[in-house]
Amino acid sequence: MTGEILKGPWWQEWRVMCLIAVVALPLFTPRVYASDEIKYFATLRSVYFDRDLHYENEYAHFIDRDPVAHAGLRPLRDTLTPTGYRLNDAPIGAAVLWAPFYVIADAAVVVARFSGVPVQRDGYGQPYIWAVCLGSLFWGTAGLFLVFRLCRSYTRRWDSTVGVCAVWFASPVVFYLYITPAMAHANSLFTVALFLIVWQGGRDFRTVRGWFGLGMVAGLMILVRELNWLFLIVVAVDEGLIIIQMLRAEGKAVAIGQLRRRYKGYASFSLAFVLVVVPQFYVYHTLNGTFGPTPFIVEKFSLVPRHALDVLVSGFHGLFSWHPVTLLGVLGLGVLWQRDARLAAALALCFVAQVLVIGSYDTWAGGASFGARRFINCTPIFAVGLAAMFANCRAHIQRVAAVGMVCLIFWNAGLAIQYSTGLIPRDAPVTMRRIVRNQVFEVPPQIMGIAWRFIFDRSSFYRTRS
């Protein structure tokens, strides 16, 4: 089935996705603004220019530039860890993926200075900001193309396009791909999609070398965002079901012989995984004196997921309430079950596990985030489920569903307007009643003025308010 679905010239396969990616480029807003963005950026800048992990000067630079906007950096700058370093709980994976773009930007600055252009080579200026933001845009867009490729393994081109584009523009993806690209979420989307594609490509047969490659991708995935370790559930579930099938179909003796051969693959996977994540443990130990995350992160975690329901339906950045397209994507896993039960079960378990883990944090709402940003790594889950659901509908239902997807995109745009203009608080609870009322009565009269500001005065949306 897969080979038949994917048949055809590459330009027919990718042209709609490419067109959408190009049309969306005007949304791109290169900036490094909030504290979380600066923590990711500081890692790259400090290692590249200072050859160390002392972030005091990076924090001081942004605080001096805008003391009000970056007041949240003061505790990071002024607090010493047990090893004498400054706090930074951001994993290093985003810096790794940004590094090629950052190096190219620095080389361009060197050439420009040699040519007499008065640009500072300090690692902070616009060439460097553009570099990391373009890096996120590149990797995040590549991730969406990989998600499309994953969907195409199970559905036709049109069904896959609708599924991917719906999640692309009706979820937090659009905001963190274009408006706030200096976070790690676009990079996270890419690494998770890459992991799933590499894993899927060897499900029927994987060599020891293939297991090694999968382990490297898994390590990179977790370097970008630690929460991505939950996607290892996909491999665990799939391998567990394969082993059970072996035992049932071939008998214990034969199955044990096959398992011994698979153990070499598991060992290869583990070795590659460890090799990739070792730098993160080094950073942990350097900054905190332990091989684990900073206590600042651990202290927010509880063993009881008491906020699991809030994570899904709260007006305070609830996943389903803010982005209903994700609910449809999860429900679509039931349709996917008919085509690939193992994949559907594994993805469903990943999603449930993430809800429970995020629901165990005191900061489950994600602070001043646009919607449920921590679920951007679940984009492949939502897109595959949507594509499968869409493919299962009759033609006239598909047309209605496509209109529904457009409505959800407009809903998401309205939320972005509310979030950006202060109609709703960014970092405080808000009721869904207020959100819906704003969507109907407050947002429409402001659309023209907001569009003008976005085109001609975009910085007014995030300019410091004293």
# chains A, B, ... in the order shown; residues from 1 in each chain; ligands from 1

call {"tool": "closest_atom_pairs", "arguments": {"of": "range 12-41 of chain A", "to": "range 165-180 of chain A", "cutoff": "7 Å", "atoms": "only C-alpha atoms", "output": "tab-separated table"}}
result
residue	atom	partner	partner_atom	distance
A:Leu27	CA	A:Tyr178	CA	5.6
A:Phe28	CA	A:Tyr178	CA	4.3
A:Thr29	CA	A:Ile179	CA	5.0

call {"tool": "write_last_selection", "arguments": {"atoms": "all heavy atoms", "output": "CSV table (one decimal), in the first residue's frame"}}
result
chain,number,residue,atom,x,y,z
A,27,LEU,N,5.2,35.8,7.6
A,27,LEU,CA,4.9,35.8,9.1
A,27,LEU,C,6.2,35.8,9.9
A,27,LEU,O,6.2,36.0,11.1
A,27,LEU,CB,4.1,34.5,9.4
A,27,LEU,CG,2.7,34.4,8.8
A,27,LEU,CD1,2.1,33.0,9.1
A,27,LEU,CD2,1.8,35.5,9.4
A,28,PHE,N,7.3,35.4,9.3
A,28,PHE,CA,8.6,35.2,10.0
A,28,PHE,C,9.0,36.5,10.7
A,28,PHE,O,9.1,37.6,10.1
A,28,PHE,CB,9.7,34.8,9.0
A,28,PHE,CG,11.0,34.5,9.6
A,28,PHE,CD1,11.2,33.6,10.6
A,28,PHE,CD2,12.1,35.2,9.1
A,28,PHE,CE1,12.4,33.3,11.2
A,28,PHE,CE2,13.4,34.9,9.7
A,28,PHE,CZ,13.5,34.0,10.7
A,29,THR,N,9.3,36.4,12.0
A,29,THR,CA,9.7,37.5,12.8
A,29,THR,C,10.9,37.2,13.6
A,29,THR,O,10.9,36.6,14.7
A,29,THR,CB,8.5,37.9,13.8
A,29,THR,OG1,7.3,38.0,13.1
A,29,THR,CG2,8.8,39.1,14.6

call {"tool": "closest_residue", "arguments": {"among": "A:Pro26, A:Pro82, A:Ser46, A:Ala365", "to": "Phe456 in chain A", "atoms": "only C-alpha atoms"}}
result
A:Pro26

call {"tool": "select_by_dssp", "arguments": {"residues": "range 95-258 of chain A", "states": "alpha helix (DSSP H)", "output": "ChimeraX atom specification"}}
result
/A:95-114,126-152,157-170,173-174,185-201,208-224,232-258

call {"tool": "closest_residue", "arguments": {"among": "A:Ala94, A:Met183, A:Ile417, A:Ala236", "to": "Met448 in chain A", "atoms": "only C-alpha atoms"}}
result
A:Ile417

call {"tool": "closest_residue", "arguments": {"among": "A:Ala99, A:Met17, A:Leu271, A:Val132", "to": "Leu146 in chain A", "atoms": "only C-alpha atoms"}}
result
A:Met17

call {"tool": "closest_residue", "arguments": {"among": "A:Leu223, A:Ala24, A:Ala272, A:Ala395", "to": "Trp211 in chain A", "atoms": "only C-alpha atoms"}}
result
A:Ala272

call {"tool": "closest_residue", "arguments": {"among": "A:Asp52, A:Ala348, A:Val443, A:Pro91", "to": "Gly292 in chain A", "atoms": "only C-alpha atoms"}}
result
A:Pro91

call {"tool": "atom_distance", "arguments": {"atom1": "CA of Ser136 in chain A", "atom2": "CA of Pro181 in chain A"}}
result
5.7 Å

call {"tool": "closest_residue", "arguments": {"among": "A:Ala416, A:Val276, A:Ala105, A:Leu150", "to": "Phe454 in chain A", "atoms": "only C-alpha atoms"}}
result
A:Ala416

call {"tool": "atom_distance", "arguments": {"atom1": "CA of Thr141 in chain A", "atom2": "CA of Val325 in chain A"}}
result
19.2 Å

call {"tool": "atom_distance", "arguments": {"atom1": "CA of Ala95 in chain A", "atom2": "CA of Phe145 in chain A"}}
result
21.8 Å

call {"tool": "residues_around", "arguments": {"residues": "Pro75 in chain A", "least_positions_apart": "3", "cutoff": "12 Å", "atoms": "only C-alpha atoms", "output": "number ranges by chain"}}
result
A: 35, 56, 59-60, 63, 70-72, 78-81, 86-88, 296

call {"tool": "residues_around", "arguments": {"residues": "range 420-423 of chain A", "least_positions_apart": "6", "cutoff": "9 Å", "atoms": "only C-alpha atoms", "output": "mmCIF file with N, CA and C atoms, in the first residue's frame"}}
result
data_model
loop_
_atom_site.group_PDB
_atom_site.id
_atom_site.type_symbol
_atom_site.label_atom_id
_atom_site.label_comp_id
_atom_site.auth_asym_id
_atom_site.auth_seq_id
_atom_site.Cartn_x
_atom_site.Cartn_y
_atom_site.Cartn_z
ATOM 1 N N ILE A 435 -12.665 34.055 26.302
ATOM 2 C CA ILE A 435 -11.974 33.854 25.026
ATOM 3 C C ILE A 435 -12.967 33.837 23.871
ATOM 4 N N ASN A 438 -14.430 37.295 23.216
ATOM 5 C CA ASN A 438 -13.473 38.138 22.499
ATOM 6 C C ASN A 438 -13.399 37.773 21.024
ATOM 7 N N GLU A 442 -14.659 41.203 20.032
ATOM 8 C CA GLU A 442 -13.507 42.097 20.166
ATOM 9 C C GLU A 442 -12.518 41.981 19.006
ATOM 10 N N VAL A 443 -12.304 40.771 18.530
ATOM 11 C CA VAL A 443 -11.280 40.577 17.491
ATOM 12 C C VAL A 443 -11.692 41.136 16.124
ATOM 13 N N ILE A 450 -4.852 45.655 13.269
ATOM 14 C CA ILE A 450 -3.813 44.692 13.653
ATOM 15 C C ILE A 450 -3.008 44.269 12.435
ATOM 16 N N PHE A 461 3.880 44.849 18.923
ATOM 17 C CA PHE A 461 3.227 43.765 19.634
ATOM 18 C C PHE A 461 4.053 43.263 20.809
ATOM 19 N N TYR A 462 5.367 43.450 20.744
ATOM 20 C CA TYR A 462 6.194 42.958 21.841
ATOM 21 C C TYR A 462 7.122 44.029 22.403
#
